[in-house]
Structures are given as structure tokens and as C-alpha cells.
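Chemist: This is the structure, below, for whatever I ask next.
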Amino acid sequence: MKDHLGVRVGLTILPIVLSLAITAVIIVLVGADPIAVFNAVMQGAFRNTNSFSGVINFWMPLALCSMGLIVTFTAGLWNIGVEGQMAMGAIAASWAARTFVMPSEVLIPIEIVIAMLAGSAWALLVGILKTKLGVHEIFGGVALNSLANVYAIYLIAGPWQPPEGGSAQSTAPFPDYSLLPPVSTEFPFSLLMLVIVAVAILVVVLALRGTRWGLQLKATGKNARSALLLGVPTTQSAVTALMVCGALAGIAGAYRVLFTYESLRPFASGGIGFLGLLVVLLAANRALLVPLVGFAVAAVFTGSTRLRVALQLDTSLAGVLQGLLVLCVLLVNGLRTRLSENRPQAAPLAQPAAYETRTPTTTLDMLAAHARDDKADDSVTASTPESPKEGQA
């Protein structure tokens, strides 16, 4: 058991070590010092309160998207459409900010709720395309990403263009009463959004671990056909997972336009939705690790902006690290799967007579038994969702 634990921990750390080593080699090849690059990134992320608040501002929408993706991964779904769901949340929050004139205490909750509904509705379209028309969620999500971004550009250059004339750069700044207030000028981040993120993390963790819905998602993700035969509503589970992820992504989009930019811009998501996929892969689909991994990723990407000033290196070096991380994670996951297939199966342990003769009589009993069997794996590592098979959800 200890050997297996050591192998799993090692396979979790291995892609990070590999990607860092390859990135260090690339840095040396371009004539720079890897240690100096690391120090510059850390200074860019933590040199003062403004830099640290930048990390927090990047981490919060990243954490929201990543927690939403944990839900869809658990259900066996690749929600590539999270970028579009962020964009629709940003558009909906922008519409509310431009339309309503009321006190901030009333308007800001309305903006966030509308953004949640818009992101959830956009994710629902992915679910409908998959369950009713048989369109894989990857293809449906990518198509809807493009539509959401094109719609945002149309609004910016058309109906919502600034008073001075047409522009594809951004809308006019939103009124002050519609924006999320910062904690202070020295520490500019939204305390309200930090509370929302903390609550979202807690709710997702508890929902996946201790509710019937969470058991249904796990059963659907493990084997949708078998779960359906056991009475699990697989279609409903898949669609609700997508909608929950869309709602969290919508909040993330709202934060980008109501705090980060204070206006609607093209591609307001900034690739955070796709970056959330990397965070979930690095966390091995473990919800409790997602906030920590997300914070580390946010620090690297925020701190990399200092590379150009300090070392005359392009900030795209962080993108190189991101690509290498994705590649190494996928390769190590393939290695983990191969090792699992080749590992000799241990003989089943004898069970108490009462357990052997007992047959689950309800779907909930079956799901609970399934959860007990998977508990050891869930506490150490988890597989990424497989490509959904024919007949899933």
C-alpha cells in the first residue's frame, strides 16, 4: 500500500518537475539564468501589496472556473466551453451595469446573479447539444466559445460603442456605482468576490463528497451506462454539472468586467477558462487541491510580467511553461493508466458474512457502496475524465 502511495505521489509531482526542468533548459539556451528568472517571477508576484493583489485578482476567477470544471470532470465531461460561459457572464454583467441605475448594494448582487444565469444558460446549450442531438461537449463548447466572443465584439463595436465613436477595444467605462469596490487603494482586490470564491469552494467540496447529487455525478463519470441501469438520472446529472460550472464561470466573467477592466473588452476571459483545465489536471481532479494549485499558477502568470523589465525576456515564457505542463501531465497520466493496467490484481479480501449476503436494495445503497469502493482512490488521486462513450448521459 505504501509503495502504491509513493508511486501515485511521485506521478503527481513528476509532470511539474519535468516541465520546470525543460523550461530551465530553454532559459539557458536563450542565454538567461533560470534562478534569476525564478526570482524575477517571485518579485513580480509578491514584491508589494499591489503585486500580491494582482495575484489574488487573477486567482479568484481562475479558482471559480477550476471548481466548476471539477464538477464536470467528476461527471466525465470535458467542459471546453467554460471560456464562452465566462464571456456570457461578462456580457450579462455588462448589460446590467449599463442598464440599471440603483445603489451599489442592490445593483452588484443583481449583476452577479444575472451573470450566473447567463453562464449557466450558455452551459445548458452544451448539455442540450450533447444529450438531445449527440454533439460531443468538446465540439459544442468550442463552437459556443466562438459565438460568445464574436457577440461580445459585435456589442463593443456596435450598440455599446463608446460615445466618441466606433471601437473594437472596449466599451465606455461603467458607472462607479456598478463596480465592485476594492478593499483599499494599497490593496486593490474585492473582498466580496473573495468571500464568494471561498463559499463556492466549500459548497463544491461538500456537494461532491457528502450529497446524493455528488454520488450520482461520480457514478455517471465512472460508467454512465451502468449508472443508468442502477437508476441514476445520467442525463440530468450531466446537464446539472454543466450548468453549475457555467454559473461559476459566469461569476468569474462578471469579476473581469466589474473589477479588473471596469468595462467590457473582447476576450475578457483572458484564457482563464482554458487555464482552469490545466489547474484541474495538475490537481489530479482533487477539489481540495484546486485552490492551492490555482494560486501557484496565478502567481507564475502574474509574476511573469516582470520578465520583460528585469531580464528582457518575453512574458510568453509563462505560456511555454503552461504548454509543457499540459503535455507532461497528459504523458504522465498515460503512464499512470498503463501502470494500473499492468499491475497484478490482489486477491479479494474475505468479507464478513453479513456483508456478503447483503444485496443493495435501493439506488442510494448502490451508490454508497460504489463511493466506499472509490474512497481510497479519491483520497490520493483521481483520473481525468475519459472521453465520454457512446450512450453516456
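In the C-alpha cells, the first chain shown is A, the next is B, and so on; residue numbers restart at 1 for each chain, and ligands run from 1 in the order shown.
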Among range 90-285 of chain A, which ones does DSSP place in helix (DSSP H, G or I), written as number ranges by chain?
Modeler: A: 90-99, 104-133, 137-157, 176-178, 191-210, 212-222, 224-229, 234-260, 272-282
Chemist: Quick one: residues within 8 Å of range 321-323 of chain A, only C-alpha atoms, excluding same-chain residues fewer than 5 positions away - as number ranges by chain?
Modeler: A: 19-20, 23, 278
Chemist: Quick one: residues within 7 Å of Gly84 in chain A, only C-alpha atoms counted, chain neighbours fewer than 2 positions away excluded, as a PyMOL selection string?
Modeler: chain A and resi 81-82+86-88+144-145+148-149
Chemist: Using only C-alpha atoms, which protein or nucleic acid residues come within 8 Å of Val71 in chain A? Drop anything in the same chain fewer than 5 positions from it, and give the result as a ChimeraX atom specification.
Modeler: /A:204,208,217,241-242,244-245
Chemist: Store the residues picked out above, limited to C-alpha atoms, as a PDB file, in the first residue's frame.
Modeler:
ATOM      1  CA  VAL A 204     -18.467  22.276  -4.280  1.00  0.00           C
ATOM      2  CA  LEU A 208     -19.187  16.226  -4.218  1.00  0.00           C
ATOM      3  CA  LEU A 217     -22.030  12.582 -10.623  1.00  0.00           C
ATOM      4  CA  ALA A 241     -22.919  19.558 -13.779  1.00  0.00           C
ATOM      5  CA  LEU A 242     -22.509  21.728 -16.862  1.00  0.00           C
ATOM      6  CA  VAL A 244     -23.113  24.555 -12.155  1.00  0.00           C
ATOM      7  CA  CYS A 245     -19.822  25.036 -13.962  1.00  0.00           C
TER       8      CYS A 245
END
Chemist: Just the number, please: distance in Å from CA of Gly214 in chain A to CA of Gly271 in chain A, one decimal.
Modeler: 28.1 Å
Chemist: Which one of A:Arg265, A:Arg98, A:Arg336, A:Arg212 sits closest to Asp176 in chain A if you count only C-alpha atoms?
Modeler: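 Of the candidates, the smallest distance to Asp176 in chain A is held by A:Arg98.
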Chemist: Just the residues within 6 Å of range 91-96 of chain A, please, counting only C-alpha atoms, with nothing from its chain fewer than 3 positions along; format it as a PyMOL selection string.
Modeler: chain A and resi 88+99-100+111+115+254
Chemist: If we count only C-alpha atoms, what is near range 290-297 of chain A at a cut-off of 12 Å, once residues fewer than 4 positions away on the same chain are taken out, given as an mmCIF file with C-alpha atoms, in the first residue's frame?
Modeler:
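Output file around-v9.cif follows:
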data_model
loop_
_atom_site.group_PDB
_atom_site.id
_atom_site.type_symbol
_atom_site.label_atom_id
_atom_site.label_comp_id
_atom_site.auth_asym_id
_atom_site.auth_seq_id
_atom_site.Cartn_x
_atom_site.Cartn_y
_atom_site.Cartn_z
ATOM 1 C CA ILE A 13 4.853 15.582 -8.851
ATOM 2 C CA ILE A 16 5.709 19.589 -12.596
ATOM 3 C CA VAL A 41 8.745 35.980 -11.278
ATOM 4 C CA MET A 42 8.508 35.859 -7.490
ATOM 5 C CA ALA A 45 4.081 38.394 -7.871
ATOM 6 C CA PHE A 46 4.956 39.319 -4.277
ATOM 7 C CA PHE A 52 0.115 40.478 -4.435
ATOM 8 C CA SER A 53 -3.376 41.860 -5.060
ATOM 9 C CA GLY A 54 -2.770 41.253 -8.774
ATOM 10 C CA VAL A 55 -2.168 37.579 -7.999
ATOM 11 C CA ILE A 56 -5.390 37.443 -5.968
ATOM 12 C CA ASN A 57 -7.354 39.175 -8.725
ATOM 13 C CA PHE A 58 -6.138 36.594 -11.236
ATOM 14 C CA TRP A 59 -6.612 33.684 -8.828
ATOM 15 C CA MET A 60 -10.251 34.356 -7.937
ATOM 16 C CA PRO A 61 -11.805 33.878 -11.410
ATOM 17 C CA LEU A 62 -9.337 31.034 -12.031
ATOM 18 C CA ALA A 63 -10.468 29.298 -8.835
ATOM 19 C CA LEU A 64 -14.133 29.715 -9.766
ATOM 20 C CA CYS A 65 -13.625 28.197 -13.222
ATOM 21 C CA SER A 66 -11.460 25.398 -11.830
ATOM 22 C CA MET A 67 -14.011 24.428 -9.181
ATOM 23 C CA GLY A 68 -16.700 24.377 -11.848
ATOM 24 C CA LEU A 69 -14.516 22.148 -14.024
ATOM 25 C CA ILE A 70 -14.023 19.783 -11.069
ATOM 26 C CA VAL A 71 -17.794 19.249 -11.138
ATOM 27 C CA VAL A 197 -14.955 32.279 -4.058
ATOM 28 C CA ALA A 198 -14.466 30.811 -0.573
ATOM 29 C CA ALA A 200 -18.084 28.341 -3.843
ATOM 30 C CA ILE A 201 -15.060 26.190 -2.965
ATOM 31 C CA LEU A 202 -16.680 24.987 0.254
ATOM 32 C CA VAL A 204 -18.467 22.276 -4.280
ATOM 33 C CA VAL A 205 -16.262 20.200 -1.946
ATOM 34 C CA ILE A 272 -8.596 31.834 -17.680
ATOM 35 C CA GLY A 273 -11.152 29.176 -18.597
ATOM 36 C CA LEU A 275 -6.061 27.694 -17.751
ATOM 37 C CA GLY A 276 -8.595 26.184 -15.340
ATOM 38 C CA LEU A 277 -8.286 22.909 -17.270
ATOM 39 C CA LEU A 278 -4.562 22.919 -16.522
ATOM 40 C CA VAL A 279 -5.220 23.570 -12.832
ATOM 41 C CA VAL A 280 -7.634 20.635 -12.586
ATOM 42 C CA LEU A 281 -5.194 18.333 -14.384
ATOM 43 C CA LEU A 282 -2.355 19.359 -12.069
ATOM 44 C CA ALA A 283 -4.589 18.852 -9.026
ATOM 45 C CA ALA A 284 -5.474 15.353 -10.337
ATOM 46 C CA ASN A 285 -9.168 16.215 -10.088
ATOM 47 C CA ARG A 286 -8.990 16.707 -6.306
ATOM 48 C CA PHE A 301 1.442 34.048 -14.723
ATOM 49 C CA THR A 302 1.101 37.331 -12.850
ATOM 50 C CA GLY A 303 4.766 37.466 -11.888
ATOM 51 C CA SER A 304 5.913 36.712 -15.434
ATOM 52 C CA ALA A 318 4.902 31.612 -18.918
ATOM 53 C CA GLY A 319 2.878 30.299 -21.852
ATOM 54 C CA LEU A 321 5.628 26.636 -19.144
ATOM 55 C CA GLN A 322 1.851 26.212 -19.407
ATOM 56 C CA LEU A 325 2.789 21.384 -18.037
#
Chemist: Give me the residues near Ser178 in chain A as a PyMOL selection string, where near means some atom within 7 Å (using only C-alpha atoms) and where sequence neighbours in that chain fewer than 5 positions away do not count.
Modeler: chain A and resi 97+104+107-108
Chemist: For the residues selected in the previous step, produce a file with N, CA and C atoms as an mmCIF file, in the first residue's frame.
Modeler:
data_model
loop_
_atom_site.group_PDB
_atom_site.id
_atom_site.type_symbol
_atom_site.label_atom_id
_atom_site.label_comp_id
_atom_site.auth_asym_id
_atom_site.auth_seq_id
_atom_site.Cartn_x
_atom_site.Cartn_y
_atom_site.Cartn_z
ATOM 1 N N ALA A 97 -24.852 46.496 -15.720
ATOM 2 C CA ALA A 97 -24.139 47.712 -15.298
ATOM 3 C C ALA A 97 -24.535 48.906 -16.154
ATOM 4 N N SER A 104 -25.275 50.718 -5.173
ATOM 5 C CA SER A 104 -24.346 49.595 -5.362
ATOM 6 C C SER A 104 -24.773 48.366 -4.576
ATOM 7 N N LEU A 107 -27.427 46.847 -6.809
ATOM 8 C CA LEU A 107 -27.058 46.552 -8.190
ATOM 9 C C LEU A 107 -26.007 45.455 -8.297
ATOM 10 N N ILE A 108 -25.005 45.450 -7.449
ATOM 11 C CA ILE A 108 -23.924 44.468 -7.577
ATOM 12 C C ILE A 108 -24.435 43.036 -7.419
#
Chemist: Rounded to one decimal, what separation in Å do you get between CA of Phe267 in chain A and CA of Pro181 in chain A?
Modeler: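 For CA of Phe267 in chain A relative to CA of Pro181 in chain A, the distance reads 23.0 Å.
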